[in-house]
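Engineer: Structure file data-v6.pdb (PDB, C-alpha atoms) right here:
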ATOM      1  CA  MET A  12      13.571  17.275  -6.474  1.00  0.00           C
ATOM      2  CA  ALA A  13      10.629  17.461  -8.801  1.00  0.00           C
ATOM      3  CA  SER A  14       7.978  20.021  -7.977  1.00  0.00           C
ATOM      4  CA  GLY A  15       5.186  17.804  -9.243  1.00  0.00           C
ATOM      5  CA  LEU A  16       4.470  15.047 -11.696  1.00  0.00           C
ATOM      6  CA  GLU A  17       1.576  14.958 -14.114  1.00  0.00           C
ATOM      7  CA  LEU A  18       0.417  11.432 -14.908  1.00  0.00           C
ATOM      8  CA  GLU A  19      -2.198  10.005 -17.242  1.00  0.00           C
ATOM      9  CA  ALA A  20      -2.450   6.217 -17.219  1.00  0.00           C
ATOM     10  CA  ARG A  21      -4.684   3.172 -17.099  1.00  0.00           C
ATOM     11  CA  LEU A  22      -3.004  -0.153 -16.572  1.00  0.00           C
ATOM     12  CA  VAL A  23      -3.996  -3.657 -15.515  1.00  0.00           C
ATOM     13  CA  ILE A  24      -1.282  -5.859 -14.030  1.00  0.00           C
ATOM     14  CA  THR A  25      -2.027  -9.570 -13.728  1.00  0.00           C
ATOM     15  CA  LEU A  26      -0.237 -11.336 -10.881  1.00  0.00           C
ATOM     16  CA  ASP A  27      -0.924 -15.043 -10.335  1.00  0.00           C
ATOM     17  CA  GLY A  28      -4.277 -14.667 -12.124  1.00  0.00           C
ATOM     18  CA  ASP A  29      -5.373 -11.599 -10.126  1.00  0.00           C
ATOM     19  CA  ASP A  30      -5.861  -8.251 -11.911  1.00  0.00           C
ATOM     20  CA  ILE A  31      -4.438  -5.188 -10.152  1.00  0.00           C
ATOM     21  CA  GLN A  32      -5.743  -1.935 -11.622  1.00  0.00           C
ATOM     22  CA  VAL A  33      -3.614   1.207 -11.794  1.00  0.00           C
ATOM     23  CA  ALA A  34      -5.094   4.545 -12.831  1.00  0.00           C
ATOM     24  CA  ALA A  35      -3.560   8.006 -12.778  1.00  0.00           C
ATOM     25  CA  ALA A  36      -4.780  11.476 -13.615  1.00  0.00           C
ATOM     26  CA  GLY A  37      -2.718  14.566 -12.945  1.00  0.00           C
ATOM     27  CA  GLY A  38      -1.062  14.108  -9.580  1.00  0.00           C
ATOM     28  CA  TYR A  39      -3.474  11.422  -8.335  1.00  0.00           C
ATOM     29  CA  LEU A  40      -2.521   7.738  -8.556  1.00  0.00           C
ATOM     30  CA  ILE A  41      -4.899   4.911  -7.598  1.00  0.00           C
ATOM     31  CA  ILE A  42      -3.848   1.286  -7.214  1.00  0.00           C
ATOM     32  CA  ASN A  43      -6.826  -1.045  -6.735  1.00  0.00           C
ATOM     33  CA  PHE A  44      -6.275  -4.605  -5.497  1.00  0.00           C
ATOM     34  CA  PRO A  45      -9.072  -7.135  -6.175  1.00  0.00           C
ATOM     35  CA  SER A  46      -9.061  -8.629  -2.662  1.00  0.00           C
ATOM     36  CA  GLN A  47      -7.507  -8.394   0.787  1.00  0.00           C
ATOM     37  CA  ARG A  48      -5.645 -11.640   0.034  1.00  0.00           C
ATOM     38  CA  VAL A  49      -3.867 -10.077  -2.965  1.00  0.00           C
ATOM     39  CA  PHE A  50      -3.109  -6.884  -1.009  1.00  0.00           C
ATOM     40  CA  ASP A  51      -1.646  -8.926   1.876  1.00  0.00           C
ATOM     41  CA  LYS A  52       0.413 -11.042  -0.530  1.00  0.00           C
ATOM     42  CA  ILE A  53       1.958  -7.999  -2.194  1.00  0.00           C
ATOM     43  CA  THR A  54       2.593  -6.029   0.991  1.00  0.00           C
ATOM     44  CA  ALA A  55       4.020  -9.005   2.922  1.00  0.00           C
ATOM     45  CA  GLY A  56       7.458  -8.602   1.377  1.00  0.00           C
ATOM     46  CA  PRO A  57       9.847 -11.424   0.534  1.00  0.00           C
ATOM     47  CA  PRO A  58       9.432 -14.824   2.195  1.00  0.00           C
ATOM     48  CA  ARG A  59      11.304 -15.170   5.461  1.00  0.00           C
ATOM     49  CA  ASP A  60      13.670 -17.975   6.369  1.00  0.00           C
ATOM     50  CA  PRO A  61      11.985 -19.858   9.247  1.00  0.00           C
ATOM     51  CA  ASN A  62      15.428 -20.812  10.615  1.00  0.00           C
ATOM     52  CA  ALA A  63      16.778 -17.257  10.675  1.00  0.00           C
ATOM     53  CA  PRO A  64      16.908 -15.505  14.031  1.00  0.00           C
ATOM     54  CA  PRO A  65      14.532 -12.565  14.402  1.00  0.00           C
ATOM     55  CA  LYS A  66      16.020  -9.203  13.523  1.00  0.00           C
ATOM     56  CA  PRO A  67      16.265  -6.792  16.424  1.00  0.00           C
ATOM     57  CA  LYS A  68      14.154  -3.706  15.860  1.00  0.00           C
ATOM     58  CA  ASN A  69      16.057  -0.468  15.587  1.00  0.00           C
ATOM     59  CA  PRO A  70      14.098   2.269  17.387  1.00  0.00           C
ATOM     60  CA  ASN A  71      15.918   4.889  15.286  1.00  0.00           C
ATOM     61  CA  ALA A  72      14.985   3.282  11.946  1.00  0.00           C
ATOM     62  CA  PRO A  73      12.699   5.461   9.816  1.00  0.00           C
ATOM     63  CA  ASP A  74       9.104   4.336   9.312  1.00  0.00           C
ATOM     64  CA  PRO A  75       8.830   2.967   5.745  1.00  0.00           C
ATOM     65  CA  LEU A  76       5.233   4.209   5.405  1.00  0.00           C
ATOM     66  CA  GLN A  77       6.303   7.710   6.424  1.00  0.00           C
ATOM     67  CA  GLN A  78       9.168   7.530   3.928  1.00  0.00           C
ATOM     68  CA  LEU A  79       6.707   6.624   1.152  1.00  0.00           C
ATOM     69  CA  HIS A  80       4.450   9.479   2.232  1.00  0.00           C
ATOM     70  CA  ASN A  81       7.372  11.944   2.192  1.00  0.00           C
ATOM     71  CA  LEU A  82       8.359  10.786  -1.304  1.00  0.00           C
ATOM     72  CA  ALA A  83       4.795  11.264  -2.570  1.00  0.00           C
ATOM     73  CA  VAL A  84       4.755  14.784  -1.112  1.00  0.00           C
ATOM     74  CA  GLN A  85       8.098  15.633  -2.730  1.00  0.00           C
ATOM     75  CA  LEU A  86       6.860  14.385  -6.104  1.00  0.00           C
ATOM     76  CA  GLY A  87       3.544  16.194  -5.743  1.00  0.00           C
ATOM     77  CA  LEU A  88       1.570  12.952  -5.955  1.00  0.00           C
ATOM     78  CA  VAL A  89      -1.325  11.515  -4.003  1.00  0.00           C
ATOM     79  CA  LEU A  90      -1.133   7.718  -3.863  1.00  0.00           C
ATOM     80  CA  ASP A  91      -4.414   5.994  -2.988  1.00  0.00           C
ATOM     81  CA  LEU A  92      -4.162   2.246  -2.272  1.00  0.00           C
ATOM     82  CA  ARG A  93      -7.538   0.521  -2.511  1.00  0.00           C
ATOM     83  CA  VAL A  94      -8.854  -2.976  -1.921  1.00  0.00           C
ATOM     84  CA  THR A  95     -12.044  -3.858  -3.828  1.00  0.00           C
ATOM     85  CA  GLY A  96     -12.596  -0.172  -4.546  1.00  0.00           C
ATOM     86  CA  LYS A  97     -12.361   0.990  -0.909  1.00  0.00           C
ATOM     87  CA  THR A  98      -9.494   3.264   0.115  1.00  0.00           C
ATOM     88  CA  HIS A  99      -7.124   1.647   2.613  1.00  0.00           C
ATOM     89  CA  VAL A 100      -4.124   4.001   2.705  1.00  0.00           C
ATOM     90  CA  VAL A 101      -3.501   7.464   1.260  1.00  0.00           C
ATOM     91  CA  PHE A 102       0.000   8.883   0.860  1.00  0.00           C
ATOM     92  CA  GLY A 103       0.876  12.441  -0.129  1.00  0.00           C
ATOM     93  CA  GLU A 104      -1.921  14.378   1.626  1.00  0.00           C
ATOM     94  CA  GLY A 105      -1.442  16.104   4.955  1.00  0.00           C
ATOM     95  CA  ARG A 106       1.502  15.632   7.297  1.00  0.00           C
ATOM     96  CA  THR A 107       1.431  11.838   7.398  1.00  0.00           C
ATOM     97  CA  HIS A 108      -0.118   8.871   5.602  1.00  0.00           C
ATOM     98  CA  LYS A 109      -3.736   8.036   6.424  1.00  0.00           C
ATOM     99  CA  ILE A 110      -4.825   4.487   7.189  1.00  0.00           C
ATOM    100  CA  THR A 111      -8.605   4.125   6.904  1.00  0.00           C
ATOM    101  CA  LEU A 112     -11.099   2.081   8.886  1.00  0.00           C
ATOM    102  CA  ASN A 113     -11.546  -0.099   5.772  1.00  0.00           C
ATOM    103  CA  ALA A 114      -7.906  -1.161   6.124  1.00  0.00           C
ATOM    104  CA  VAL A 115      -8.302  -2.061   9.786  1.00  0.00           C
ATOM    105  CA  LEU A 116     -11.491  -4.046   9.181  1.00  0.00           C
ATOM    106  CA  GLY A 117      -9.983  -5.743   6.127  1.00  0.00           C
ATOM    107  CA  LYS A 118      -6.900  -6.795   8.078  1.00  0.00           C
ATOM    108  CA  ILE A 119      -9.003  -8.112  10.974  1.00  0.00           C
ATOM    109  CA  GLY A 120     -11.182 -10.038   8.501  1.00  0.00           C
ATOM    110  CA  SER A 121      -8.116 -11.562   6.835  1.00  0.00           C
ATOM    111  CA  PHE A 122      -7.075 -13.115  10.167  1.00  0.00           C
ATOM    112  CA  PHE A 123     -10.294 -15.152  10.169  1.00  0.00           C
ATOM    113  CA  ARG A 124      -9.891 -16.367   6.592  1.00  0.00           C
ATOM    114  CA  GLY A 125      -7.555 -19.265   5.984  1.00  0.00           C
ATOM    115  CA  LYS A 126      -4.405 -18.740   3.964  1.00  0.00           C
TER
END
Take the structure in this file and express it as structure tokens.
Structural biologist:
Amino acid sequence: MASGLELEARLVITLDGDDIQVAAAGGYLIINFPSQRVFDKITAGPPRDPNAPPKPKNPNAPDPLQQLHNLAVQLGLVLDLRVTGKTHVVFGEGRTHKITLNAVLGKIGSFFRGK
């Protein structure tokens, strides 16, 4: 595996009229979402079939967030996901990913806003 990546980038991705900002310097990568709604839309995954039976949860399945964290560590990157400039999740530092209080409050607030 790579011992570390060095990045230098500034990018704006427009998705359905919303601008997602990506910036990188050295081994630090920041992805900034303009709102909790956009963050939720992107992290929700593909649409689910309402008629499909629920998938049974495998207790031995690896945690996808931990897998992303492990990949960031292997690549020597720190990935900082932000919503409106406030850090929500950090991957690549420490033993596991860090979910901030901003993420918890943002998620709770999104339950009270209509879809």
Engineer: Name the residues captured by the PyMOL selection byres ((chain A and resi 97-99) around 8) when it is applied to the shown file; answer as an NGL selection string.
Structural biologist: :A and (91-96 or 100-101 or 110-114)
Engineer: Could you write out that same residue set with C-alpha atoms as a short mmCIF file (atom, residue, chain, number, x, y, z; two decimals), in the frame of the given file?
Structural biologist:
data_model
loop_
_atom_site.label_atom_id
_atom_site.label_comp_id
_atom_site.auth_asym_id
_atom_site.auth_seq_id
_atom_site.Cartn_x
_atom_site.Cartn_y
_atom_site.Cartn_z
CA ASP A 91 -4.41 5.99 -2.99
CA LEU A 92 -4.16 2.25 -2.27
CA ARG A 93 -7.54 0.52 -2.51
CA VAL A 94 -8.85 -2.98 -1.92
CA THR A 95 -12.04 -3.86 -3.83
CA GLY A 96 -12.60 -0.17 -4.55
CA VAL A 100 -4.12 4.00 2.70
CA VAL A 101 -3.50 7.46 1.26
CA ILE A 110 -4.82 4.49 7.19
CA THR A 111 -8.60 4.12 6.90
CA LEU A 112 -11.10 2.08 8.89
CA ASN A 113 -11.55 -0.10 5.77
CA ALA A 114 -7.91 -1.16 6.12
#
Engineer: Determine, counting only C-alpha atoms, which protein, DNA and RNA residues have an atom within 8 Å of an atom of range 25-31 of chain A; residues of the same chain fewer than 2 positions away are not included. Present the result as a list in words.
Structural biologist: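 Near neighbours after the sequence-gap exclusion: Val23, Val33, Ile42, Asn43, Phe44, Pro45 and Val49 of chain A.
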Engineer: Expressed in Å to a single decimal, how great is the separation between CA of Lys109 in chain A and CA of Asp74 in chain A?
Structural biologist: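 That distance, rounded to one decimal, is 13.7 Å.
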Engineer: For the structure shown, which residues end up in the PyMOL selection byres ((chain A and resi 105) around 12)? Put them as a VMD selection string, please?
Structural biologist: chain A and resid 77 80 to 81 83 to 84 87 to 89 101 to 104 106 to 109
Engineer: Using C-alpha atoms, can you write the selected residues to a file as a PDB file, in the frame of the given file?
Structural biologist:
ATOM      1  CA  GLN A  77       6.303   7.710   6.424  1.00  0.00           C
ATOM      2  CA  HIS A  80       4.450   9.479   2.232  1.00  0.00           C
ATOM      3  CA  ASN A  81       7.372  11.944   2.192  1.00  0.00           C
ATOM      4  CA  ALA A  83       4.795  11.264  -2.570  1.00  0.00           C
ATOM      5  CA  VAL A  84       4.755  14.784  -1.112  1.00  0.00           C
ATOM      6  CA  GLY A  87       3.544  16.194  -5.743  1.00  0.00           C
ATOM      7  CA  LEU A  88       1.570  12.952  -5.955  1.00  0.00           C
ATOM      8  CA  VAL A  89      -1.325  11.515  -4.003  1.00  0.00           C
ATOM      9  CA  VAL A 101      -3.501   7.464   1.260  1.00  0.00           C
ATOM     10  CA  PHE A 102       0.000   8.883   0.860  1.00  0.00           C
ATOM     11  CA  GLY A 103       0.876  12.441  -0.129  1.00  0.00           C
ATOM     12  CA  GLU A 104      -1.921  14.378   1.626  1.00  0.00           C
ATOM     13  CA  ARG A 106       1.502  15.632   7.297  1.00  0.00           C
ATOM     14  CA  THR A 107       1.431  11.838   7.398  1.00  0.00           C
ATOM     15  CA  HIS A 108      -0.118   8.871   5.602  1.00  0.00           C
ATOM     16  CA  LYS A 109      -3.736   8.036   6.424  1.00  0.00           C
TER      17      LYS A 109
END
Engineer: Please indicate the distance in Å from CA of Ala35 in chain A to CA of Pro73 in chain A, rounded to one decimal place.
Structural biologist: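 Separation between CA of Ala35 in chain A and CA of Pro73 in chain A: 28.0 Å.
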Engineer: Please return the centre and edge lengths, in Å to one decimal, of a box with edges along x, y and z that contains all listed atoms of range 19-38 of chain A, widened by 6 Å on every side, as JSON.
Structural biologist:
{"center_x": -3.0, "center_y": -0.2, "center_z": -13.4, "size_x": 17.6, "size_y": 41.6, "size_z": 19.7}
Engineer: Restricting the calculation to all atoms listed in the file: of A:Pro65, A:Leu79, A:Ala20, A:Pro58, which residue gets closest to Tyr39 in chain A?
Structural biologist: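 Nearest to Tyr39 in chain A: A:Ala20.
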Engineer: State, in Å with one decimal place, the distance from CA of Ile41 in chain A to CA of Leu76 in chain A.
Structural biologist: 16.5 Å
